[in-house]
Amino acid sequence: MKRKYWLYILVVCLLAITAVTLLNRRSGTFKDDEDLAVKDTGRIDLIEIRSPESGVILERMKGRWKVNDRYSAGNKKITGLLMIISRLQVSAPVPVAIRKEIGGKLKEEGKRLMVVTYRKNPHVILMYHDTIHTNATYMMLEHSDQPFRVGVPGLPARNLTAFFVDEADYWRDNTIFRLRDDEIFSVSMYIRNQPERSFHLINERNGGYKLYAYSDSTEVPDLIPEQAGQYLSYFSSVSFERFLTDDEMKIQSCFNKGEPENIITLTDSRNNIIKVKTFQWFDPGPEAGPVPDLNRLVAVINDTDMVVARYVDLDPVIKDIGYFLEKEKNNLYN
């Protein structure tokens, strides 16, 4: 009898454990943090971030990350995103009082993160930042009904959804120029207010340089080779600050009705052309009117992308013809 009694208790316990496990699986309970985080980010091939308004696809292609299969992605931002994905951690369940509400917000208003790893099914998470009750970020697996409060160890930010931006421009590489001097064939600089100071510089294959006046294409003798080499080296890393919003484009276009202040045209050794037009950046003043910003400018890249750039970043490549000449020769162009 005692043996049957203990067998009966054992069977009941096993049934209870099985029932709890099944209920947990149905309600979407995470076994551990690995169900939420993707620890091995080296296996990630694609990340899709989508909100009810828009979406973006980040994809690793031949070792490089692309944005929407069209633009190069910024390495630092991708690295930061992968770090967040690898360290997501469940910190607490949703308070019972708001559990149903948070679950509804996740499904209706939340962002959808899909991570595709090599030879694995997509890892899909819904996320929502609650600003009404807890100022916390909640996540849950898609097709689940069990949300959890999440965090990232060492990161004090409470709104983790802010790191999962669904706009393509945010993820794009902000490089204007990134070329070695031996990758540059020529650079032309047109200065609207001083056209006589404009120039055209050619980087010859034998290591020499030729300098021409922009206005009539006459060769300018006695250029300083070291100055030409130094100038081309500045194109190794030139970046802009950010893309303009649609509203900013309209405002700045209204303020800059005239011709650009400068036009930089670079032709590389493969005959690719990068053309950058620069304009003043104006801070719209509510009372005194627009005020020029002395620290920033507007740059239009290849007549397509309108961006904000800092003067300190673009100033090294905005030179005039006198930069390449001795002082006495420079005076001829004043």
# chains A, B, ... in the order shown; residues from 1 in each chain; ligands from 1
call {"tool": "residues_around", "arguments": {"residues": "Phe255 in chain A", "least_positions_apart": "4", "cutoff": "9 Å", "atoms": "only C-alpha atoms", "output": "list in words"}}
result
Lys250, Ile251, Gln280, Trp281, Phe282 and Pro290 of chain A
call {"tool": "write_last_selection", "arguments": {"atoms": "C-alpha atoms", "output": "compact mmCIF listing (two decimals), in the first residue's frame"}}
result
# COMPACT_ATOMS: atom_id res chain seq x y z
CA LYS A 250 12.00 73.29 -47.32
CA ILE A 251 13.11 75.94 -44.83
CA GLN A 280 24.87 78.55 -45.43
CA TRP A 281 22.90 76.95 -42.62
CA PHE A 282 20.33 79.29 -41.13
CA PRO A 290 16.96 83.67 -39.93
call {"tool": "closest_atom_pairs", "arguments": {"of": "range 157-179 of chain A", "to": "range 110-118 of chain A", "cutoff": "12 Å", "atoms": "only C-alpha atoms", "output": "tab-separated table"}}
result
residue	atom	partner	partner_atom	distance
A:Leu160	CA	A:Lys111	CA	10.8
A:Thr161	CA	A:Lys111	CA	7.5
A:Ala162	CA	A:Lys111	CA	10.1
A:Phe163	CA	A:Lys111	CA	11.1
A:Phe164	CA	A:Leu113	CA	8.0
A:Val165	CA	A:Lys111	CA	9.2
A:Asp166	CA	A:Lys111	CA	8.5
call {"tool": "write_last_selection", "arguments": {"atoms": "N, CA and C atoms", "output": "CSV table (one decimal), in the first residue's frame"}}
result
chain,number,residue,atom,x,y,z
A,160,LEU,N,14.2,51.7,-24.4
A,160,LEU,CA,15.1,50.9,-25.3
A,160,LEU,C,14.5,51.0,-26.7
A,161,THR,N,13.3,51.3,-26.9
A,161,THR,CA,12.7,51.4,-28.3
A,161,THR,C,13.4,52.5,-29.1
A,162,ALA,N,14.0,53.5,-28.4
A,162,ALA,CA,14.7,54.6,-29.1
A,162,ALA,C,15.9,54.1,-29.9
A,163,PHE,N,16.5,52.9,-29.5
A,163,PHE,CA,17.7,52.4,-30.1
A,163,PHE,C,17.3,51.6,-31.4
A,164,PHE,N,16.0,51.3,-31.5
A,164,PHE,CA,15.5,50.5,-32.7
A,164,PHE,C,14.8,51.5,-33.6
A,165,VAL,N,15.6,52.3,-34.3
A,165,VAL,CA,15.0,53.3,-35.2
A,165,VAL,C,14.6,52.7,-36.5
A,166,ASP,N,13.4,53.1,-36.9
A,166,ASP,CA,12.8,52.5,-38.1
A,166,ASP,C,12.9,53.4,-39.4
call {"tool": "closest_residue", "arguments": {"among": "A:Asp268, A:Glu108, A:Glu101, A:Asp247", "to": "Arg178 in chain A", "atoms": "only C-alpha atoms"}}
result
A:Asp268
call {"tool": "residues_around", "arguments": {"residues": "Asn193 in chain A", "least_positions_apart": "6", "cutoff": "12 Å", "atoms": "only C-alpha atoms", "output": "compact mmCIF listing (two decimals) with N, CA and C atoms, in the first residue's frame"}}
result
# COMPACT_ATOMS: atom_id res chain seq x y z
N GLY A 258 19.91 81.40 -53.74
CA GLY A 258 20.92 81.65 -54.76
C GLY A 258 21.77 80.44 -55.07
N GLU A 259 22.93 80.68 -55.67
CA GLU A 259 23.87 79.63 -56.03
C GLU A 259 24.63 79.16 -54.79
N PRO A 260 25.18 77.96 -54.82
CA PRO A 260 25.96 77.49 -53.67
C PRO A 260 27.21 78.33 -53.47
N GLU A 261 27.68 78.37 -52.24
CA GLU A 261 28.90 79.11 -51.94
C GLU A 261 30.12 78.42 -52.54
N ASN A 262 30.15 77.10 -52.45
CA ASN A 262 31.27 76.32 -52.99
C ASN A 262 30.74 75.07 -53.67
N ILE A 263 31.48 74.61 -54.67
CA ILE A 263 31.18 73.32 -55.30
C ILE A 263 32.49 72.53 -55.36
N ASP A 320 41.40 77.45 -51.40
CA ASP A 320 41.46 78.20 -52.66
C ASP A 320 42.81 77.95 -53.30
call {"tool": "closest_residue", "arguments": {"among": "A:Lys277, A:Arg172, A:Lys120, A:Arg205", "to": "Lys66 in chain A", "atoms": "only C-alpha atoms"}}
result
A:Arg172
call {"tool": "closest_residue", "arguments": {"among": "A:Leu58, A:Pro93, A:Thr175, A:Pro153", "to": "Tyr138 in chain A", "atoms": "only C-alpha atoms"}}
result
A:Pro93
